[in-house]
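Shown next: my_file16.pdb, containing PDB, C-alpha atoms.
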```
ATOM      1  CA  MET A 219      17.472  41.973  -8.767
ATOM      2  CA  ASP A 220      14.105  40.332  -9.291
ATOM      3  CA  PRO A 221      11.870  40.264  -6.212
ATOM      4  CA  ASP A 222      11.499  36.988  -4.314
ATOM      5  CA  THR A 223       8.061  35.678  -5.156
ATOM      6  CA  SER A 224       8.417  32.335  -3.373
ATOM      7  CA  GLN A 225       6.076  33.532  -0.643
ATOM      8  CA  ASP A 226       3.434  34.293  -3.261
ATOM      9  CA  LYS A 227       3.092  30.683  -4.372
ATOM     10  CA  PRO A 228      -0.380  29.336  -3.549
ATOM     11  CA  GLY A 229      -0.653  26.628  -0.918
ATOM     12  CA  LEU A 230      -1.999  23.149  -1.666
ATOM     13  CA  ALA A 231      -5.460  24.144  -0.430
ATOM     14  CA  HIS A 232      -5.654  26.522  -3.391
ATOM     15  CA  TYR A 233      -5.649  23.543  -5.748
ATOM     16  CA  LEU A 234      -7.868  21.317  -3.637
ATOM     17  CA  ASN A 235     -10.726  23.598  -2.541
ATOM     18  CA  ALA A 236     -12.758  22.996  -5.713
ATOM     19  CA  TRP A 237     -11.631  19.391  -6.230
ATOM     20  CA  SER A 238     -14.527  17.020  -5.613
ATOM     21  CA  PRO A 239     -14.411  13.965  -7.892
ATOM     22  CA  ALA A 240     -17.649  12.003  -8.112
ATOM     23  CA  PRO A 241     -17.825   8.351  -7.017
ATOM     24  CA  VAL A 242     -16.976   5.735  -9.627
ATOM     25  CA  VAL A 243     -18.128   2.141  -9.957
ATOM     26  CA  ALA A 244     -16.045  -0.746 -11.309
ATOM     27  CA  HIS A 245     -16.751  -4.439 -11.790
ATOM     28  CA  ASP A 246     -14.543  -7.537 -11.606
ATOM     29  CA  ASP A 247     -15.218 -11.270 -11.619
ATOM     30  CA  LEU A 248     -12.462 -11.900  -9.022
ATOM     31  CA  SER A 249     -10.766 -14.621 -11.024
ATOM     32  CA  PRO A 250      -8.687 -17.054  -8.907
ATOM     33  CA  ALA A 251      -5.743 -16.682 -11.317
ATOM     34  CA  PRO A 252      -4.116 -13.570  -9.744
ATOM     35  CA  VAL A 253      -4.373 -15.193  -6.303
ATOM     36  CA  SER A 254      -2.521 -18.254  -7.547
ATOM     37  CA  ALA A 255       0.074 -15.980  -9.147
ATOM     38  CA  LEU A 256       0.763 -14.072  -5.913
ATOM     39  CA  ALA A 257       0.984 -17.348  -4.011
ATOM     40  CA  ALA A 258       3.681 -18.458  -6.463
ATOM     41  CA  VAL A 259       5.561 -15.185  -5.916
ATOM     42  CA  LEU A 260       5.477 -15.850  -2.153
ATOM     43  CA  ASP A 261       6.489 -19.538  -2.565
ATOM     44  CA  GLN A 262       3.298 -20.912  -1.063
ATOM     45  CA  ALA A 263       0.392 -23.109  -2.066
ATOM     46  CA  PRO A 264      -2.501 -21.184  -3.626
ATOM     47  CA  PRO A 265      -5.056 -20.253  -0.939
ATOM     48  CA  VAL A 266      -7.749 -20.231  -3.636
ATOM     49  CA  THR A 267      -7.912 -22.718  -6.483
ATOM     50  CA  GLU A 268     -11.496 -22.544  -7.713
ATOM     51  CA  ALA A 269     -14.552 -20.328  -7.838
ATOM     52  CA  GLY A 270     -16.536 -19.948  -4.641
ATOM     53  CA  GLN A 271     -13.567 -20.010  -2.265
ATOM     54  CA  ALA A 272     -12.836 -16.997  -0.064
ATOM     55  CA  LEU A 273     -10.023 -14.611  -0.951
ATOM     56  CA  PRO A 274      -7.470 -13.954   1.815
ATOM     57  CA  PRO A 275      -7.907 -10.533   3.459
ATOM     58  CA  LEU A 276      -6.865  -7.659   1.179
ATOM     59  CA  TRP A 277      -5.962  -9.958  -1.716
ATOM     60  CA  HIS A 278      -8.713  -8.167  -3.624
ATOM     61  CA  TRP A 279      -5.926  -5.630  -4.284
ATOM     62  CA  LEU A 280      -5.013  -7.963  -7.152
ATOM     63  CA  HIS A 281      -8.353  -7.143  -8.788
ATOM     64  CA  PHE A 282     -10.119  -4.022 -10.098
ATOM     65  CA  LEU A 283      -6.820  -3.003 -11.683
ATOM     66  CA  GLU A 284      -6.501   0.140 -13.782
ATOM     67  CA  TRP A 285      -4.271   0.168 -16.874
ATOM     68  CA  PRO A 286      -3.814   3.714 -18.230
ATOM     69  CA  ALA A 287      -2.409   4.143 -21.709
ATOM     70  CA  GLN A 288       1.375   4.238 -21.877
ATOM     71  CA  ALA A 289       1.205   7.851 -23.021
ATOM     72  CA  GLU A 290      -0.561   8.729 -19.760
ATOM     73  CA  LEU A 291       2.397   7.685 -17.578
ATOM     74  CA  GLY A 292       4.848  10.227 -16.225
ATOM     75  CA  GLU A 293       8.631   9.969 -16.212
ATOM     76  CA  ASP A 294       8.437   8.050 -12.916
ATOM     77  CA  GLY A 295       6.017   5.497 -14.364
ATOM     78  CA  HIS A 296       3.104   6.757 -12.290
ATOM     79  CA  PRO A 297      -0.067   7.970 -14.084
ATOM     80  CA  THR A 298      -0.115  11.686 -14.761
ATOM     81  CA  ARG A 299      -3.905  11.755 -14.580
ATOM     82  CA  GLY A 300      -6.410   9.804 -12.542
ATOM     83  CA  HIS A 301      -9.894  10.249 -11.125
ATOM     84  CA  PHE A 302      -8.688  10.421  -7.514
ATOM     85  CA  LEU A 303      -5.286  12.023  -8.173
ATOM     86  CA  PRO A 304      -5.466  15.579  -6.790
ATOM     87  CA  PRO A 305      -4.686  18.502  -9.146
ATOM     88  CA  ILE A 306      -1.411  19.431  -7.427
ATOM     89  CA  PRO A 307       1.481  20.731  -9.575
ATOM     90  CA  GLY A 308       4.560  18.512  -9.572
ATOM     91  CA  ARG A 309       2.567  15.937  -7.641
ATOM     92  CA  ARG A 310       4.484  13.336  -5.593
ATOM     93  CA  ARG A 311       2.580  10.505  -3.895
ATOM     94  CA  MET A 312       3.167   8.209  -0.929
ATOM     95  CA  PHE A 313       0.917   5.389   0.270
ATOM     96  CA  ALA A 314       0.665   6.101   4.015
ATOM     97  CA  GLY A 315      -1.790   3.600   5.474
ATOM     98  CA  GLY A 316      -5.407   2.602   5.682
ATOM     99  CA  ARG A 317      -8.166   0.543   7.234
ATOM    100  CA  ALA A 318     -10.412  -2.267   6.099
ATOM    101  CA  GLU A 319     -13.509  -3.936   7.487
ATOM    102  CA  PHE A 320     -14.464  -7.419   6.310
ATOM    103  CA  ARG A 321     -18.204  -7.955   6.717
ATOM    104  CA  ALA A 322     -18.334 -11.077   4.555
ATOM    105  CA  PRO A 323     -15.728 -13.042   2.600
ATOM    106  CA  LEU A 324     -15.120 -12.038  -0.994
ATOM    107  CA  LEU A 325     -15.573 -15.154  -3.108
ATOM    108  CA  ALA A 326     -13.371 -15.926  -6.073
ATOM    109  CA  GLY A 327     -15.142 -16.244  -9.398
ATOM    110  CA  VAL A 328     -18.226 -14.345  -8.217
ATOM    111  CA  PRO A 329     -18.868 -10.976  -9.929
ATOM    112  CA  ALA A 330     -18.165  -8.055  -7.605
ATOM    113  CA  GLU A 331     -18.856  -4.336  -7.695
ATOM    114  CA  ARG A 332     -16.548  -1.699  -6.232
ATOM    115  CA  ARG A 333     -17.800   1.811  -5.488
ATOM    116  CA  SER A 334     -14.925   4.240  -4.915
ATOM    117  CA  SER A 335     -15.381   7.715  -3.457
ATOM    118  CA  LEU A 336     -13.348  10.548  -2.024
ATOM    119  CA  SER A 337     -13.685  10.285   1.743
ATOM    120  CA  LYS A 338     -11.458  13.071   3.068
ATOM    121  CA  VAL A 339      -8.998  15.745   1.950
ATOM    122  CA  GLU A 340      -6.935  17.913   4.262
ATOM    123  CA  THR A 341      -3.665  19.829   4.148
ATOM    124  CA  LYS A 342      -1.035  19.939   6.879
ATOM    125  CA  GLN A 343       2.310  21.586   7.400
ATOM    126  CA  GLY A 344       5.010  18.985   7.968
ATOM    127  CA  ARG A 345       8.701  19.184   8.827
ATOM    128  CA  THR A 346       9.664  19.251   5.148
ATOM    129  CA  GLY A 347       6.801  21.356   3.846
ATOM    130  CA  GLU A 348       3.105  21.299   3.108
ATOM    131  CA  MET A 349       1.350  17.981   2.559
ATOM    132  CA  ALA A 350      -2.093  16.973   1.321
ATOM    133  CA  PHE A 351      -3.756  13.935   2.884
ATOM    134  CA  VAL A 352      -6.293  12.171   0.677
ATOM    135  CA  THR A 353      -8.438   9.213   1.755
ATOM    136  CA  VAL A 354     -10.215   7.092  -0.853
ATOM    137  CA  ARG A 355     -13.024   4.828   0.346
ATOM    138  CA  GLN A 356     -13.890   1.643  -1.530
ATOM    139  CA  GLU A 357     -17.019  -0.415  -0.888
ATOM    140  CA  ILE A 358     -16.984  -3.862  -2.488
ATOM    141  CA  SER A 359     -20.194  -5.853  -2.847
ATOM    142  CA  GLN A 360     -21.133  -9.299  -4.124
ATOM    143  CA  GLU A 361     -24.631 -10.497  -4.910
ATOM    144  CA  GLY A 362     -26.101  -7.256  -3.553
ATOM    145  CA  ARG A 363     -24.344  -7.490  -0.169
ATOM    146  CA  LEU A 364     -21.617  -5.142   1.072
ATOM    147  CA  SER A 365     -18.647  -7.381   1.864
ATOM    148  CA  VAL A 366     -15.601  -5.135   2.325
ATOM    149  CA  VAL A 367     -15.039  -1.493   3.207
ATOM    150  CA  ASP A 368     -11.485  -0.495   2.300
ATOM    151  CA  GLU A 369     -10.089   2.988   3.024
ATOM    152  CA  GLN A 370      -6.625   3.999   1.801
ATOM    153  CA  ASP A 371      -4.672   7.080   2.879
ATOM    154  CA  PHE A 372      -2.276   8.853   0.504
ATOM    155  CA  VAL A 373       0.060  11.763   1.154
ATOM    156  CA  TYR A 374       0.871  14.191  -1.647
ATOM    157  CA  ARG A 375       3.548  16.850  -1.947
ATOM    158  CA  SER A 376       4.148  19.438  -4.646
ATOM    159  CA  GLY A 377       7.459  19.421  -6.503
ATOM    160  CA  ASP A 378      10.772  18.156  -5.221
ATOM    161  CA  ASP A 379      11.071  17.368  -1.543
ATOM    162  CA  GLU A 380      13.584  15.998   0.901
ATOM    163  CA  ARG A 381      13.972  12.232   0.615
ATOM    164  CA  HIS A 382      13.381  10.426   3.883
ATOM    165  CA  ALA A 383      15.750   7.644   2.756
ATOM    166  CA  THR A 384      18.756   9.878   2.088
ATOM    167  CA  GLY A 385      21.881   8.555   3.793
ATOM    168  CA  VAL A 386      20.445   5.124   4.594
ATOM    169  CA  GLU A 387      22.981   2.307   4.543
ATOM    170  CA  LEU A 388      21.430  -1.061   3.760
ATOM    171  CA  ASP A 389      22.282  -4.046   5.939
ATOM    172  CA  PRO A 390      21.989  -7.375   4.087
ATOM    173  CA  ALA A 391      22.257  -9.385   7.322
ATOM    174  CA  ASP A 392      19.284 -11.355   8.608
ATOM    175  CA  ALA A 393      16.798  -9.464  10.738
ATOM    176  CA  GLU A 394      17.222  -9.841  14.471
ATOM    177  CA  PRO A 395      15.717 -13.061  15.880
ATOM    178  CA  SER A 396      12.383 -12.640  17.625
ATOM    179  CA  ASP A 397      10.308 -14.688  20.046
ATOM    180  CA  ALA A 398       7.041 -13.452  18.510
ATOM    181  CA  PRO A 399       4.592 -16.405  18.342
ATOM    182  CA  TRP A 400       3.694 -15.749  14.689
ATOM    183  CA  GLN A 401       6.426 -14.911  12.193
ATOM    184  CA  LEU A 402       7.080 -14.691   8.484
ATOM    185  CA  ALA A 403      10.535 -14.091   7.004
ATOM    186  CA  LEU A 404      11.276 -12.844   3.511
ATOM    187  CA  ARG A 405      14.135 -11.269   1.581
ATOM    188  CA  PRO A 406      12.434  -9.574  -1.393
ATOM    189  CA  GLY A 407      14.737  -9.170  -4.372
ATOM    190  CA  PRO A 408      14.313  -7.442  -7.738
ATOM    191  CA  PRO A 409      12.501 -10.376  -9.449
ATOM    192  CA  LEU A 410       9.917 -10.540  -6.642
ATOM    193  CA  LEU A 411       9.331  -6.783  -6.756
ATOM    194  CA  PHE A 412       9.035  -6.861 -10.537
ATOM    195  CA  ARG A 413       6.457  -9.660 -10.401
ATOM    196  CA  PHE A 414       4.441  -7.904  -7.697
ATOM    197  CA  SER A 415       4.456  -4.710  -9.774
ATOM    198  CA  ALA A 416       3.029  -6.680 -12.699
ATOM    199  CA  LEU A 417       0.364  -8.319 -10.532
ATOM    200  CA  THR A 418      -0.832  -4.946  -9.219
ATOM    201  CA  ALA A 419      -0.426  -2.878 -12.426
ATOM    202  CA  ASN A 420       2.118  -0.676 -10.642
ATOM    203  CA  ALA A 421       4.551   0.891 -13.109
ATOM    204  CA  HIS A 422       6.351   3.155 -10.637
ATOM    205  CA  ARG A 423      10.051   2.843 -11.467
ATOM    206  CA  ILE A 424      11.249   2.893  -7.849
ATOM    207  CA  HIS A 425      10.192  -0.773  -7.615
ATOM    208  CA  TYR A 426      12.089  -2.198 -10.631
ATOM    209  CA  ASP A 427      14.485   0.408 -12.091
ATOM    210  CA  ALA A 428      17.471   0.643  -9.722
ATOM    211  CA  PRO A 429      19.354   3.418 -11.592
ATOM    212  CA  TYR A 430      16.209   5.555 -11.521
ATOM    213  CA  ALA A 431      15.411   4.791  -7.859
ATOM    214  CA  GLN A 432      18.940   5.699  -6.810
ATOM    215  CA  GLY A 433      19.916   8.429  -9.252
ATOM    216  CA  VAL A 434      16.631  10.324  -9.527
ATOM    217  CA  GLU A 435      14.599   9.515  -6.424
ATOM    218  CA  GLY A 436      17.595   9.340  -4.077
ATOM    219  CA  TYR A 437      16.842   5.935  -2.558
ATOM    220  CA  PRO A 438      19.634   3.469  -1.680
ATOM    221  CA  GLY A 439      17.954   0.714  -3.683
ATOM    222  CA  LEU A 440      14.695  -0.582  -5.090
ATOM    223  CA  VAL A 441      11.756   0.154  -2.801
ATOM    224  CA  VAL A 442       9.560  -2.698  -1.536
ATOM    225  CA  HIS A 443       5.914  -1.903  -2.286
ATOM    226  CA  GLY A 444       3.868  -0.586   0.630
ATOM    227  CA  PRO A 445       0.890  -2.831  -0.251
ATOM    228  CA  LEU A 446       3.207  -5.842  -0.227
ATOM    229  CA  LEU A 447       4.316  -5.016   3.324
ATOM    230  CA  VAL A 448       0.667  -4.775   4.376
ATOM    231  CA  LEU A 449      -0.185  -8.137   2.814
ATOM    232  CA  LEU A 450       2.833  -9.707   4.514
ATOM    233  CA  MET A 451       1.644  -8.431   7.900
ATOM    234  CA  LEU A 452      -1.590 -10.397   7.466
ATOM    235  CA  GLU A 453       0.148 -13.604   6.404
ATOM    236  CA  PRO A 454       1.296 -14.840   9.873
ATOM    237  CA  ALA A 455      -2.275 -14.736  11.191
ATOM    238  CA  ARG A 456      -3.665 -16.385   8.066
ATOM    239  CA  ARG A 457      -1.116 -19.198   8.252
ATOM    240  CA  GLU A 458      -1.172 -19.760  12.014
ATOM    241  CA  ALA A 459      -4.915 -19.301  12.572
ATOM    242  CA  PRO A 460      -6.586 -20.373   9.314
ATOM    243  CA  GLY A 461      -9.934 -20.910  11.044
ATOM    244  CA  ARG A 462     -10.187 -17.342  12.323
ATOM    245  CA  ALA A 463     -11.679 -14.739  10.001
ATOM    246  CA  VAL A 464     -10.161 -11.267  10.043
ATOM    247  CA  ARG A 465     -12.795  -8.666  10.943
ATOM    248  CA  THR A 466     -10.775  -5.443  10.715
ATOM    249  CA  VAL A 467      -7.252  -4.303   9.954
ATOM    250  CA  SER A 468      -5.716  -0.879  10.447
ATOM    251  CA  TYR A 469      -2.195  -0.292   9.182
ATOM    252  CA  ARG A 470       0.451   2.395   8.840
ATOM    253  CA  LEU A 471       3.530   2.514   6.610
ATOM    254  CA  ARG A 472       6.376   4.235   8.443
ATOM    255  CA  LYS A 473       9.772   3.680   6.789
ATOM    256  CA  PRO A 474      10.603   1.969   3.490
ATOM    257  CA  VAL A 475      12.197  -1.455   3.094
ATOM    258  CA  PHE A 476      14.597  -1.968   0.202
ATOM    259  CA  ALA A 477      15.357  -4.894  -2.089
ATOM    260  CA  GLY A 478      17.795  -7.362  -0.571
ATOM    261  CA  GLU A 479      16.952  -6.532   3.030
ATOM    262  CA  HIS A 480      15.798  -9.419   5.210
ATOM    263  CA  LEU A 481      12.449  -8.632   6.811
ATOM    264  CA  ARG A 482      10.268 -10.334   9.385
ATOM    265  CA  ALA A 483       6.535  -9.867   9.838
ATOM    266  CA  LEU A 484       6.058 -10.371  13.575
ATOM    267  CA  ALA A 485       2.672 -10.860  15.224
ATOM    268  CA  ASP A 486       1.736 -11.191  18.895
ATOM    269  CA  PRO A 487      -1.774 -12.709  19.068
ATOM    270  CA  ALA A 488      -4.263 -10.894  21.312
ATOM    271  CA  THR A 489      -1.693  -8.554  22.840
ATOM    272  CA  THR A 490      -4.344  -6.102  24.036
ATOM    273  CA  GLY A 491      -7.353  -6.438  26.289
ATOM    274  CA  ASP A 492      -9.815  -6.193  23.413
ATOM    275  CA  GLY A 493      -8.179  -9.071  21.548
ATOM    276  CA  THR A 494      -6.335  -6.966  18.996
ATOM    277  CA  THR A 495      -3.307  -8.597  17.389
ATOM    278  CA  ASN A 496      -0.410  -6.223  16.819
ATOM    279  CA  VAL A 497       1.830  -6.857  13.806
ATOM    280  CA  ARG A 498       4.973  -5.122  12.562
ATOM    281  CA  VAL A 499       7.567  -5.449   9.830
ATOM    282  CA  ALA A 500      11.140  -5.336  11.122
ATOM    283  CA  THR A 501      14.607  -5.507   9.578
ATOM    284  CA  ARG A 502      17.999  -5.363  11.234
ATOM    285  CA  ARG A 503      17.960  -1.649  10.377
ATOM    286  CA  GLU A 504      14.531  -0.741  11.763
ATOM    287  CA  GLU A 505      12.078  -2.220  14.276
ATOM    288  CA  GLN A 506       8.928  -0.786  12.725
ATOM    289  CA  HIS A 507       8.879  -0.264   8.989
ATOM    290  CA  ALA A 508       5.128  -0.897   9.052
ATOM    291  CA  THR A 509       2.611  -1.615  11.791
ATOM    292  CA  ALA A 510      -0.905  -3.034  11.872
ATOM    293  CA  GLU A 511      -3.705  -3.848  14.281
ATOM    294  CA  VAL A 512      -5.829  -6.878  13.370
ATOM    295  CA  THR A 513      -9.072  -8.027  14.975
ATOM    296  CA  PHE A 514     -10.880 -11.295  14.352
ATOM    297  CA  ALA A 515     -14.557 -12.078  14.001
TER     298      ALA A 515
END
```

With the file now loaded, output its structure as structure tokens.
Amino acid sequence: MDPDTSQDKPGLAHYLNAWSPAPVVAHDDLSPAPVSALAAVLDQAPPVTEAGQALPPLWHWLHFLEWPAQAELGEDGHPTRGHFLPPIPGRRRMFAGGRAEFRAPLLAGVPAERRSSLSKVETKQGRTGEMAFVTVRQEISQEGRLSVVDEQDFVYRSGDDERHATGVELDPADAEPSDAPWQLALRPGPPLLFRFSALTANAHRIHYDAPYAQGVEGYPGLVVHGPLLVLLMLEPARREAPGRAVRTVSYRLRKPVFAGEHLRALADPATTGDGTTNVRVATRREEQHATAEVTFA
């Protein structure tokens, strides 16, 4: 019998110790067109219609897009190579959360520069195995002034792992009613997820290919994009308090939402002593799929 060499496999730190990608700089003119397109996807009037108007918070995610060659995509539709993708074998990625600080509004139609850098890398032992936590920091400037600092946290695993959605039974019923002062309701279906994937250059098949999401990834249905949940958590404040500028947002993605589920983004203005507004995404199945803390200038 061959000896068991599973214990001899190197840990994730082995692959990450020498990984130190240099910062990269990208440019974008922040055209109003993608903003109008996302507004149409969300059945709302465009918040920006011409150059010089301020983008809603985090809607710059529609810009600075990267389009790798088709040959550079893996079987799951995700790029096999990327400047800030860690050199982990059998790499699997999850968008876990992040933070953003808005020092000045980003203006549509005004050339912007984004400087991206690796902020932090660490490995941890979780319930289902070893994980690598990678934080990418993005600094976006216009006309020589730093306007937005955007940090995003990603979790990576190596090879196959236990699916956190295994055994989930979807409930198509409306989410439980809430008395939260600020609310937004949405039932994202396949066409909406497909359009959002196109707007964000996201080719991951879990968002538009149901047979793949269910048969290969083990999910009960198409997965609603994490960035979409984050944007939806900022919408109640933007709609109910249009005169208040968001200063910071910190968010965490906890459990996935699936196509066809009815979700509510629920916000309680100034629920803490320091004026922080707490927001969450809830369905009938879960109370906290995603959470965020928002402060205003």

What does the structure give for the distance between CA of Glu387 (chain A) and CA of Gly436 (chain A), in Å to one decimal?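 Spanning CA of Glu387 (chain A) to CA of Gly436 (chain A) is a straight-line distance of 12.4 Å.
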
Spell out the residues picked by the PyMOL selection byres ((chain A and resi 481-486) around 8) here, as a ChimeraX atom specification. /A:392-393,396,398-405,450-451,454-455,479-480,487-489,495-502

Please save C-alpha atoms of the selected residues as a compact mmCIF listing (two decimals), in the coordinates of the input.
```
# COMPACT_ATOMS: atom_id res chain seq x y z
CA ASP A 392 19.28 -11.36 8.61
CA ALA A 393 16.80 -9.46 10.74
CA SER A 396 12.38 -12.64 17.62
CA ALA A 398 7.04 -13.45 18.51
CA PRO A 399 4.59 -16.40 18.34
CA TRP A 400 3.69 -15.75 14.69
CA GLN A 401 6.43 -14.91 12.19
CA LEU A 402 7.08 -14.69 8.48
CA ALA A 403 10.54 -14.09 7.00
CA LEU A 404 11.28 -12.84 3.51
CA ARG A 405 14.14 -11.27 1.58
CA LEU A 450 2.83 -9.71 4.51
CA MET A 451 1.64 -8.43 7.90
CA PRO A 454 1.30 -14.84 9.87
CA ALA A 455 -2.28 -14.74 11.19
CA GLU A 479 16.95 -6.53 3.03
CA HIS A 480 15.80 -9.42 5.21
CA PRO A 487 -1.77 -12.71 19.07
CA ALA A 488 -4.26 -10.89 21.31
CA THR A 489 -1.69 -8.55 22.84
CA THR A 495 -3.31 -8.60 17.39
CA ASN A 496 -0.41 -6.22 16.82
CA VAL A 497 1.83 -6.86 13.81
CA ARG A 498 4.97 -5.12 12.56
CA VAL A 499 7.57 -5.45 9.83
CA ALA A 500 11.14 -5.34 11.12
CA THR A 501 14.61 -5.51 9.58
CA ARG A 502 18.00 -5.36 11.23
```

Rounded to one decimal place, report the CA of Glu268 (chain A)-CA of Gly327 (chain A) distance in Å. 7.5 Å

Between CA of Ala257 (chain A) and CA of Leu276 (chain A), distance in Å (one decimal):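 CA of Leu276 (chain A) lies at a distance of 13.5 Å from CA of Ala257 (chain A).
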
Take the PyMOL selection byres ((chain A and resi 333) around 6), run it mentally on this structure, and tell me the resulting residues as a ChimeraX atom specification. /A:242-243,332,334,356-357

Applied to the shown file, which residues does the PyMOL selection byres ((chain A and resi 299-304) around 7) return, written as number ranges by chain? A: 234, 239, 290, 297-298, 305-306

Find the residues around Ala350 (chain A) up to 9 Å (all atoms listed in the file counted), leave out those fewer than 5 positions away in its own chain, and share them as a list of chain:residue names.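 Using all atoms listed in the file, the neighbours found are A:Leu230, A:Ala231, A:Leu234, A:Pro304, A:Val339, A:Glu340, A:Thr341, A:Lys342, A:Gln343, A:Phe372, A:Val373, A:Tyr374, A:Arg375, A:Ser376.
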
Report as a PDB file with C-alpha atoms, in the coordinates of the input all protein, DNA and RNA residues lying within 8 Å of Ser254 (chain A), evaluated on all atoms listed in the file, omitting residues in the same chain fewer than 5 positions from it.
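Output below, filename part-v1.pdb:
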```pdb
ATOM      1  CA  ALA A 263       0.392 -23.109  -2.066  1.00  0.00           C
ATOM      2  CA  PRO A 264      -2.501 -21.184  -3.626  1.00  0.00           C
ATOM      3  CA  PRO A 265      -5.056 -20.253  -0.939  1.00  0.00           C
ATOM      4  CA  VAL A 266      -7.749 -20.231  -3.636  1.00  0.00           C
ATOM      5  CA  THR A 267      -7.912 -22.718  -6.483  1.00  0.00           C
TER       6      THR A 267
END
```

What's around region 406-417 of chain A at 12 Å? Count all atoms listed in the file, leave out sequence neighbours fewer than 2 positions away in its own chain, and write the answer as a compact mmCIF listing (two decimals) with C-alpha atoms, in the coordinates of the input.
```txt
# COMPACT_ATOMS: atom_id res chain seq x y z
CA ALA A 251 -5.74 -16.68 -11.32
CA PRO A 252 -4.12 -13.57 -9.74
CA VAL A 253 -4.37 -15.19 -6.30
CA SER A 254 -2.52 -18.25 -7.55
CA ALA A 255 0.07 -15.98 -9.15
CA LEU A 256 0.76 -14.07 -5.91
CA ALA A 257 0.98 -17.35 -4.01
CA ALA A 258 3.68 -18.46 -6.46
CA VAL A 259 5.56 -15.18 -5.92
CA LEU A 260 5.48 -15.85 -2.15
CA ASP A 261 6.49 -19.54 -2.56
CA TRP A 277 -5.96 -9.96 -1.72
CA HIS A 278 -8.71 -8.17 -3.62
CA TRP A 279 -5.93 -5.63 -4.28
CA LEU A 280 -5.01 -7.96 -7.15
CA HIS A 281 -8.35 -7.14 -8.79
CA PHE A 282 -10.12 -4.02 -10.10
CA LEU A 283 -6.82 -3.00 -11.68
CA GLU A 284 -6.50 0.14 -13.78
CA TRP A 285 -4.27 0.17 -16.87
CA GLY A 295 6.02 5.50 -14.36
CA HIS A 296 3.10 6.76 -12.29
CA PRO A 390 21.99 -7.38 4.09
CA ALA A 403 10.54 -14.09 7.00
CA LEU A 404 11.28 -12.84 3.51
CA ALA A 419 -0.43 -2.88 -12.43
CA ASN A 420 2.12 -0.68 -10.64
CA ALA A 421 4.55 0.89 -13.11
CA HIS A 422 6.35 3.16 -10.64
CA ARG A 423 10.05 2.84 -11.47
CA ILE A 424 11.25 2.89 -7.85
CA HIS A 425 10.19 -0.77 -7.62
CA TYR A 426 12.09 -2.20 -10.63
CA ASP A 427 14.48 0.41 -12.09
CA ALA A 428 17.47 0.64 -9.72
CA GLY A 439 17.95 0.71 -3.68
CA LEU A 440 14.70 -0.58 -5.09
CA VAL A 441 11.76 0.15 -2.80
CA VAL A 442 9.56 -2.70 -1.54
CA HIS A 443 5.91 -1.90 -2.29
CA GLY A 444 3.87 -0.59 0.63
CA PRO A 445 0.89 -2.83 -0.25
CA LEU A 446 3.21 -5.84 -0.23
CA LEU A 447 4.32 -5.02 3.32
CA LEU A 449 -0.18 -8.14 2.81
CA LEU A 450 2.83 -9.71 4.51
CA VAL A 475 12.20 -1.46 3.09
CA PHE A 476 14.60 -1.97 0.20
CA ALA A 477 15.36 -4.89 -2.09
CA GLY A 478 17.80 -7.36 -0.57
CA GLU A 479 16.95 -6.53 3.03
CA HIS A 480 15.80 -9.42 5.21
CA LEU A 481 12.45 -8.63 6.81
CA ARG A 482 10.27 -10.33 9.38
CA THR A 501 14.61 -5.51 9.58
```

Rank A:Val512, A:Leu452, A:Ala240, A:Leu248 by their smallest atom-to-atom distance to Pro275 (chain A), using all atoms listed in the file, and report the top residue only.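 Selected residue with least distance to Pro275 (chain A): A:Leu452.
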
Let me make sure I understand: among A:Val367, A:Val354, A:Ala459, A:Ala318, which one has the smallest atom-to-atom distance to Ala510 (chain A) if we use only C-alpha atoms?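 Once distances to Ala510 (chain A) are computed over only C-alpha atoms, the minimum belongs to A:Ala318.
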
For region 265-283 of chain A, what centre and edge lengths in Å (one decimal) does the axis-aligned box get once 5 Å is added on each side of all its listed atoms, as JSON?
```
{"center_x": -10.8, "center_y": -12.9, "center_z": -4.1, "size_x": 21.5, "size_y": 29.7, "size_z": 25.1}
```

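Distance annotation: of A:Val448, A:Leu364, A:Ala508, A:Ala391, the residue with the minimal separation from Arg321 (chain A) is A:Leu364; atom set is all atoms listed in the file.
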
Under the rule that only C-alpha atoms are counted, which of A:Asp294, A:Asp247, A:Asp389, A:Asp397 is the nearest residue to Glu361 (chain A)? A:Asp247

Please determine, counting only C-alpha atoms, which residue among A:Thr353, A:Ala272, A:Arg309, A:Glu348 has the shortest atom-to-atom distance to Pro228 (chain A).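 Under the stated criterion, the closest residue is A:Glu348.
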